[in-house]
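A.B. asks: Sending over coords-v3.txt (compact mmCIF, C-alpha atoms).
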# COMPACT_ATOMS: atom_id res chain seq x y z
CA MET F 1 0.00 0.00 0.00
CA ALA F 2 1.36 3.40 -0.93
CA PRO F 3 2.25 5.81 1.90
CA SER F 4 -0.32 8.33 0.70
CA ALA F 5 -3.03 5.67 0.88
CA ILE F 6 -2.04 4.78 4.46
CA VAL F 7 -2.17 8.47 5.42
CA PHE F 8 -5.56 8.82 3.72
CA TYR F 9 -7.13 5.89 5.57
CA MET F 10 -5.68 7.01 8.91
CA LEU F 11 -6.96 10.57 8.46
CA ALA F 12 -10.32 9.34 7.21
CA SER F 13 -10.88 7.06 10.21
CA MET F 14 -9.77 9.80 12.60
CA CYS F 15 -12.14 12.22 10.90
CA VAL F 16 -15.07 9.80 11.17
CA VAL F 17 -14.39 9.17 14.87
CA SER F 18 -14.16 12.88 15.68
CA ALA F 19 -17.29 13.61 13.63
CA LEU F 20 -19.10 10.98 15.68
CA MET F 21 -17.88 12.71 18.84
CA VAL F 22 -19.17 16.04 17.50
CA VAL F 23 -22.72 14.76 17.22
CA THR F 24 -22.72 12.72 20.46
CA ARG F 25 -21.00 14.94 23.06
CA ARG F 26 -23.36 16.75 25.44
CA ASN F 27 -21.01 19.67 26.11
CA PRO F 28 -20.96 22.04 23.08
CA ILE F 29 -17.35 23.03 23.78
CA HIS F 30 -16.20 19.41 23.50
CA ALA F 31 -18.18 19.12 20.27
CA ALA F 32 -16.50 22.27 18.93
CA LEU F 33 -13.02 20.98 19.76
CA PHE F 34 -13.71 17.65 18.08
CA LEU F 35 -15.00 19.61 15.08
CA VAL F 36 -11.61 21.37 14.91
CA LEU F 37 -9.94 17.95 14.85
CA ALA F 38 -12.27 16.81 12.08
CA PHE F 39 -11.49 19.92 10.03
CA PHE F 40 -7.75 19.36 10.41
CA CYS F 41 -8.16 15.75 9.24
CA VAL F 42 -10.08 16.96 6.20
CA ALA F 43 -7.27 19.45 5.49
CA GLY F 44 -4.76 16.57 5.61
CA ILE F 45 -6.94 14.60 3.20
CA TYR F 46 -6.88 17.58 0.83
CA VAL F 47 -3.07 17.46 0.91
CA VAL F 48 -3.14 13.73 0.09
CA LEU F 49 -5.49 14.48 -2.81
CA SER F 50 -2.99 17.11 -4.11
CA ALA F 51 -5.18 20.12 -3.35
CA GLU F 52 -2.65 22.01 -1.24
CA PHE F 53 -4.23 25.42 -1.64
CA LEU F 54 -7.58 24.13 -0.42
CA ALA F 55 -5.88 22.52 2.57
CA ALA F 56 -4.45 25.90 3.54
CA VAL F 57 -7.83 27.58 3.02
CA GLN F 58 -9.49 24.86 5.08
CA VAL F 59 -7.16 25.45 8.02
CA LEU F 60 -7.41 29.25 7.78
CA VAL F 61 -11.16 29.60 7.24
CA TYR F 62 -12.64 26.57 9.00
CA ALA F 63 -10.21 25.72 11.79
CA GLY F 64 -9.32 29.39 12.26
CA GLY F 65 -12.28 31.62 11.53
CA ILE F 66 -15.41 29.51 11.73
CA MET F 67 -14.37 27.64 14.86
CA VAL F 68 -13.48 30.87 16.69
CA LEU F 69 -16.95 32.12 15.78
CA PHE F 70 -18.51 28.90 17.14
CA LEU F 71 -16.55 29.05 20.40
CA PHE F 72 -17.42 32.73 20.77
CA VAL F 73 -21.15 32.04 20.52
CA ILE F 74 -20.87 29.02 22.85
CA MET F 75 -19.28 31.30 25.43
CA LEU F 76 -21.99 33.95 24.99
CA VAL F 77 -24.88 31.51 25.39
CA PRO F 78 -24.95 29.79 28.81
CA LEU F 79 -24.50 26.02 28.69
CA ASP F 80 -27.75 25.30 30.54
CA ALA F 81 -29.71 27.16 27.87
CA GLY F 82 -29.22 24.12 25.70
CA PRO F 83 -31.73 21.27 25.89
CA ALA F 84 -31.25 17.83 27.37
CA ARG F 85 -31.28 14.51 25.57
CA PRO F 86 -33.72 14.22 22.65
CA PRO F 87 -36.54 11.67 22.83
CA ALA F 88 -35.69 8.16 21.66
CA ARG F 89 -38.19 8.17 18.81
CA HIS F 90 -36.44 11.21 17.31
CA ILE F 91 -33.12 9.34 17.36
CA ALA F 92 -34.66 6.20 15.85
CA GLY F 93 -36.43 8.17 13.13
CA SER F 94 -33.39 10.17 12.15
CA LEU F 95 -31.15 7.09 12.14
CA LEU F 96 -33.65 5.42 9.83
CA LEU F 97 -33.71 8.46 7.53
CA ALA F 98 -29.92 8.69 7.53
CA GLY F 99 -29.66 4.99 6.70
CA LEU F 100 -32.07 5.41 3.79
CA VAL F 101 -30.11 8.37 2.40
CA ALA F 102 -26.80 6.53 2.84
CA GLY F 103 -28.15 3.42 1.12
CA SER F 104 -29.52 5.30 -1.85
CA LEU F 105 -26.28 7.29 -2.23
CA ILE F 106 -24.21 4.08 -2.07
CA THR F 107 -26.24 2.46 -4.86
CA PHE F 108 -25.98 5.67 -6.89
CA PHE F 109 -22.20 5.88 -6.46
CA TRP F 110 -21.84 2.19 -7.20
CA ASN F 111 -23.56 2.48 -10.56
CA ALA F 112 -21.73 5.71 -11.40
CA LEU F 113 -18.30 4.32 -10.59
CA GLU F 114 -18.55 0.95 -12.25
CA THR F 115 -18.93 2.54 -15.68
CA ARG F 116 -16.35 5.25 -15.03
CA PRO F 117 -12.74 4.60 -16.12
CA GLY F 118 -9.61 6.33 -14.90
CA GLU F 119 -9.93 5.68 -11.16
CA GLY F 120 -7.01 6.85 -9.09
CA VAL F 121 -5.28 9.04 -11.65
CA GLU F 122 -2.02 10.82 -10.94
CA PRO F 123 -1.96 14.18 -9.13
CA LEU F 124 -2.95 17.16 -11.24
CA THR F 125 0.37 18.94 -11.07
CA ALA F 126 3.61 17.09 -10.57
CA GLY F 127 6.01 18.77 -8.16
CA GLY F 128 5.33 22.13 -6.43
CA GLY F 129 1.89 23.12 -5.24
CA ASN F 130 -1.11 23.87 -7.38
CA ILE F 131 -1.73 27.36 -6.03
CA GLU F 132 -0.72 29.03 -9.27
CA THR F 133 -2.98 26.89 -11.45
CA VAL F 134 -5.94 27.31 -9.10
CA GLY F 135 -5.34 31.07 -9.02
CA MET F 136 -5.24 31.26 -12.82
CA GLU F 137 -8.48 29.31 -13.04
CA LEU F 138 -10.11 31.44 -10.34
CA TYR F 139 -9.15 34.81 -11.81
CA GLN F 140 -9.73 33.98 -15.46
CA ARG F 141 -12.54 31.53 -15.98
CA TYR F 142 -14.38 32.10 -12.71
CA LEU F 143 -13.82 35.84 -12.27
CA LEU F 144 -17.51 36.78 -12.15
CA PRO F 145 -18.46 34.11 -9.55
CA PHE F 146 -15.42 35.22 -7.55
CA GLU F 147 -16.67 38.81 -7.45
CA ILE F 148 -20.19 37.68 -6.60
CA ALA F 149 -18.73 35.66 -3.72
CA SER F 150 -17.10 38.80 -2.37
CA VAL F 151 -20.44 40.64 -2.50
CA LEU F 152 -22.03 37.65 -0.73
CA LEU F 153 -19.46 37.90 2.07
CA LEU F 154 -20.17 41.63 2.42
CA VAL F 155 -23.92 40.96 2.66
CA ALA F 156 -23.32 38.20 5.23
CA MET F 157 -21.11 40.49 7.30
CA VAL F 158 -23.63 43.34 7.36
CA GLY F 159 -26.46 40.91 8.06
CA ALA F 160 -24.61 39.26 10.95
CA VAL F 161 -23.83 42.64 12.52
CA VAL F 162 -27.44 43.79 12.20
CA LEU F 163 -28.84 40.53 13.61
CA ALA F 164 -26.45 40.24 16.55
CA ARG F 165 -26.61 43.91 17.53
CA LYS F 166 -28.16 44.76 20.89
CA LYS F 167 -31.45 46.62 20.56
CA THR F 168 -31.04 50.12 21.92
CA MET M 1 -3.29 4.78 -5.30
CA ILE M 2 -6.54 5.55 -3.50
CA PRO M 3 -9.64 4.61 -5.50
CA THR M 4 -12.15 7.41 -5.92
CA SER M 5 -14.90 5.15 -4.58
CA HIS M 6 -13.17 5.00 -1.18
CA MET M 7 -13.19 8.80 -0.97
CA LEU M 8 -16.85 8.82 -1.94
CA VAL M 9 -17.67 6.29 0.76
CA PHE M 10 -15.72 8.36 3.29
CA SER M 11 -17.56 11.54 2.35
CA LEU M 12 -20.83 9.60 2.46
CA ILE M 13 -20.08 8.47 6.03
CA LEU M 14 -19.22 12.05 7.00
CA PHE M 15 -22.43 13.35 5.39
CA THR M 16 -24.54 10.76 7.18
CA ILE M 17 -22.96 11.59 10.54
CA GLY M 18 -23.63 15.29 9.94
CA MET M 19 -27.22 14.52 8.98
CA VAL M 20 -27.77 12.44 12.12
CA GLY M 21 -26.39 15.36 14.13
CA VAL M 22 -28.74 17.82 12.47
CA LEU M 23 -31.75 15.56 12.99
CA THR M 24 -31.15 14.34 16.54
CA ARG M 25 -29.59 17.26 18.39
CA ARG M 26 -31.82 19.99 19.76
CA ASN M 27 -29.04 22.46 20.51
CA ALA M 28 -29.01 24.96 17.64
CA ILE M 29 -25.20 25.40 17.79
CA ILE M 30 -24.60 21.66 17.37
CA VAL M 31 -27.15 21.56 14.55
CA MET M 32 -24.95 24.12 12.76
CA MET M 33 -21.87 21.97 13.42
CA GLY M 34 -23.67 19.09 11.70
CA ILE M 35 -24.34 21.34 8.71
CA GLU M 36 -20.61 22.18 8.59
CA LEU M 37 -19.77 18.46 8.52
CA MET M 38 -22.17 17.95 5.61
CA LEU M 39 -20.64 20.85 3.67
CA ASN M 40 -17.17 19.41 4.25
CA SER M 41 -18.22 16.03 2.89
CA ALA M 42 -19.54 17.74 -0.24
CA ASN M 43 -16.16 19.45 -0.61
CA ILE M 44 -14.37 16.11 -0.38
CA ASN M 45 -16.56 14.84 -3.20
CA PHE M 46 -15.62 17.86 -5.32
CA ILE M 47 -11.91 17.28 -4.70
CA ALA M 48 -12.13 13.55 -5.36
CA PHE M 49 -13.81 14.04 -8.72
CA SER M 50 -11.50 16.93 -9.59
CA ARG M 51 -8.58 14.54 -9.09
CA GLN M 52 -10.18 11.71 -11.01
CA LEU M 53 -11.15 13.84 -14.00
CA GLY M 54 -7.99 15.98 -13.96
CA ASP M 55 -10.09 19.15 -13.92
CA LEU M 56 -9.41 22.04 -11.57
CA ALA M 57 -13.02 23.28 -11.65
CA GLY M 58 -13.80 21.04 -8.67
CA GLN M 59 -11.21 22.78 -6.52
CA VAL M 60 -12.52 26.21 -7.55
CA PHE M 61 -16.05 25.19 -6.61
CA SER M 62 -14.78 23.94 -3.25
CA ILE M 63 -13.41 27.43 -2.61
CA PHE M 64 -16.84 28.88 -3.36
CA THR M 65 -18.41 26.33 -1.01
CA ILE M 66 -16.05 27.42 1.75
CA VAL M 67 -16.98 31.07 1.11
CA VAL M 68 -20.68 30.30 1.34
CA ALA M 69 -20.11 28.21 4.48
CA ALA M 70 -18.30 31.11 6.14
CA GLY M 71 -21.17 33.48 5.35
CA GLU M 72 -23.71 30.91 6.48
CA VAL M 73 -21.98 30.40 9.83
CA ALA M 74 -21.72 34.15 10.47
CA VAL M 75 -25.41 34.76 9.78
CA GLY M 76 -26.54 31.56 11.51
CA LEU M 77 -24.65 32.26 14.71
CA ALA M 78 -25.98 35.83 14.71
CA ILE M 79 -29.49 34.39 14.43
CA ILE M 80 -28.76 32.05 17.35
CA LEU M 81 -27.58 35.01 19.44
CA ALA M 82 -30.70 37.01 18.58
CA LEU M 83 -32.80 33.92 19.39
CA TYR M 84 -31.17 33.61 22.80
CA ARG M 85 -31.68 37.30 23.54
CA ASN M 86 -35.36 37.19 22.61
CA LYS M 87 -36.47 33.78 23.87
CA ASP M 88 -33.81 32.73 26.43
CA THR M 89 -33.35 29.36 24.76
CA ILE M 90 -31.46 27.80 21.87
CA ASN M 91 -33.52 24.63 21.83
CA VAL M 92 -34.81 24.28 18.28
CA ASP M 93 -37.92 22.44 19.55
CA GLU M 94 -39.05 25.38 21.64
CA VAL M 95 -38.89 27.83 18.74
CA ASN M 96 -42.38 27.16 17.39
CA ILE M 97 -43.93 30.60 17.52
CA MET M 98 -45.08 30.27 13.90
CA LYS M 99 -46.89 27.01 14.64
CA GLY M 100 -50.65 27.37 14.18
What do you get writing this file as structure tokens?
C.D. replies:
Amino acid sequence: MAPSAIVFYMLASMCVVSALMVVTRRNPIHAALFLVLAFFCVAGIYVVLSAEFLAAVQVLVYAGGIMVLFLFVIMLVPLDAGPARPPARHIAGSLLLAGLVAGSLITFFWNALETRPGEGVEPLTAGGGNIETVGMELYQRYLLPFEIASVLLLVAMVGAVVLARKKT
Amino acid sequence: MIPTSHMLVFSLILFTIGMVGVLTRRNAIIVMMGIELMLNSANINFIAFSRQLGDLAGQVFSIFTIVVAAGEVAVGLAIILALYRNKDTINVDEVNIMKG
């Protein structure tokens, strides 16, 4: 087995375990810290899949920005404001629904992948990172969506400030 | 060489875990964490297919997904704060003021 494959399976299993912890821990702070671990594992998987730029963005935006935001809100809202354990029929129903979705997606992927050649191709760019190629693609072909994304971020920022502001 | 199907199965597991979190937890903050997990699994799918097809468009779309996720978290957490200020709870079951 290639070293990259070993790293991938290790990171993937770690990510699954920490994601399970995120949805099962009672204390929101523990859940948030396990979510940081899951995001770091996903960033490592991006490196294995030769998407170095996205790995850096993942660490900066998710593990840095979004998680700080989460922890900030957890600190602002008292822990006992959160509810206790959900009723058992909710858990059973949602597990059933999740199983149905997972099963249908597995059959869909199975059919899609059996007819699809070229599994496990070589990395996109041999040698040094792919930041330059991603940047070229982003600023040439996807320039308009890029600008729209910046407007979206501005709208989200203004909206968040307006929503979270104390009423005077 | 890692087969693409293994990445798809991994992202499927991650998506299912996130979905179970969204459906079972009543704490609004943890519901948002489940949504983040689901968005991440979609990103992994994008990257896996970008690698398989040798097309960078998948990575570019992942960047857009991350942008949208950042905006979504900012607005969502602001809504949770406003919810706590107005109703003193972040239990999503108790927020049923629109219920007839």
A.B. asks: Using only C-alpha atoms, I'd like a table of the residues in chain M that come within 7 Å of chain F; for each, show the closest atom pair and its distance in Å rounded to one decimal, ordered by chain and ascending number, as a Markdown table.
C.D. replies:
| residue | atom | partner | partner_atom | distance |
| --- | --- | --- | --- | --- |
| M:Met1 | CA | F:Gly120 | CA | 5.7 |
| M:Ile2 | CA | F:Ala5 | CA | 5.6 |
| M:Pro3 | CA | F:Gly120 | CA | 5.0 |
| M:Thr4 | CA | F:Glu119 | CA | 5.9 |
| M:Ser5 | CA | F:Leu113 | CA | 7.0 |
| M:Phe10 | CA | F:Ala12 | CA | 6.7 |
| M:Leu12 | CA | F:Ala102 | CA | 6.7 |
| M:Leu14 | CA | F:Val16 | CA | 6.3 |
| M:Thr16 | CA | F:Ala98 | CA | 5.8 |
| M:Ile17 | CA | F:Leu20 | CA | 6.5 |
| M:Met19 | CA | F:Ala98 | CA | 6.6 |
| M:Val20 | CA | F:Ser94 | CA | 6.1 |
| M:Gly21 | CA | F:Val23 | CA | 4.8 |
| M:Leu23 | CA | F:Ser94 | CA | 5.7 |
| M:Thr24 | CA | F:Ile91 | CA | 5.4 |
| M:Arg25 | CA | F:Pro86 | CA | 6.7 |
| M:Arg26 | CA | F:Pro83 | CA | 6.3 |
| M:Asn27 | CA | F:Gly82 | CA | 5.5 |
| M:Ile30 | CA | F:Pro28 | CA | 6.8 |
| M:Arg51 | CA | F:Leu124 | CA | 6.6 |
| M:Gln52 | CA | F:Val121 | CA | 5.6 |
| M:Gly54 | CA | F:Leu124 | CA | 5.8 |
| M:Leu56 | CA | F:Val134 | CA | 6.8 |
| M:Val60 | CA | F:Leu138 | CA | 6.4 |
| M:Val67 | CA | F:Ala149 | CA | 6.9 |
| M:Ala70 | CA | F:Ile66 | CA | 6.5 |
| M:Gly71 | CA | F:Ala156 | CA | 5.2 |
| M:Val73 | CA | F:Ile66 | CA | 6.9 |
| M:Ala74 | CA | F:Ala160 | CA | 5.9 |
| M:Val75 | CA | F:Ala160 | CA | 4.7 |
| M:Leu77 | CA | F:Val73 | CA | 6.8 |
| M:Ala78 | CA | F:Ala164 | CA | 4.8 |
| M:Ile79 | CA | F:Leu163 | CA | 6.2 |
| M:Leu81 | CA | F:Ala164 | CA | 6.1 |
| M:Ala82 | CA | F:Ala164 | CA | 5.7 |
| M:Thr89 | CA | F:Ala81 | CA | 5.3 |
| M:Ile90 | CA | F:Gly82 | CA | 5.8 |
| M:Asn91 | CA | F:Pro83 | CA | 5.6 |
A.B. asks: Take atom CA of M:Asp93 and atom CA of F:Ala63 and report the distance between them in Å, one decimal.
C.D. replies: 29.0 Å
A.B. asks: Find, counting all atoms listed in the file, the residue in F:Leu11, F:Val151, F:Leu60, F:Leu33 that gets nearest to F:Val47.
C.D. replies: F:Leu11
A.B. asks: Kindly give the distance, in Å, that separates atom CA of M:Glu94 and atom CA of M:Ser41, rounded to a single decimal.
C.D. replies: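 Atom CA of M:Ser41 lies 29.5 Å from atom CA of M:Glu94.
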A.B. asks: Can you tell me how far atom CA of F:Met75 sits from atom CA of M:Ile35, in Å to one decimal?
C.D. replies: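 According to the coordinates, atom CA of F:Met75 and atom CA of M:Ile35 are separated by 20.1 Å.
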A.B. asks: Which of these residues is nearest to M:Ile47, using only C-alpha atoms: M:Asn86, M:Leu8, M:Phe15, M:Met32?
C.D. replies: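 Of the candidates, the smallest distance to M:Ile47 is held by M:Leu8.
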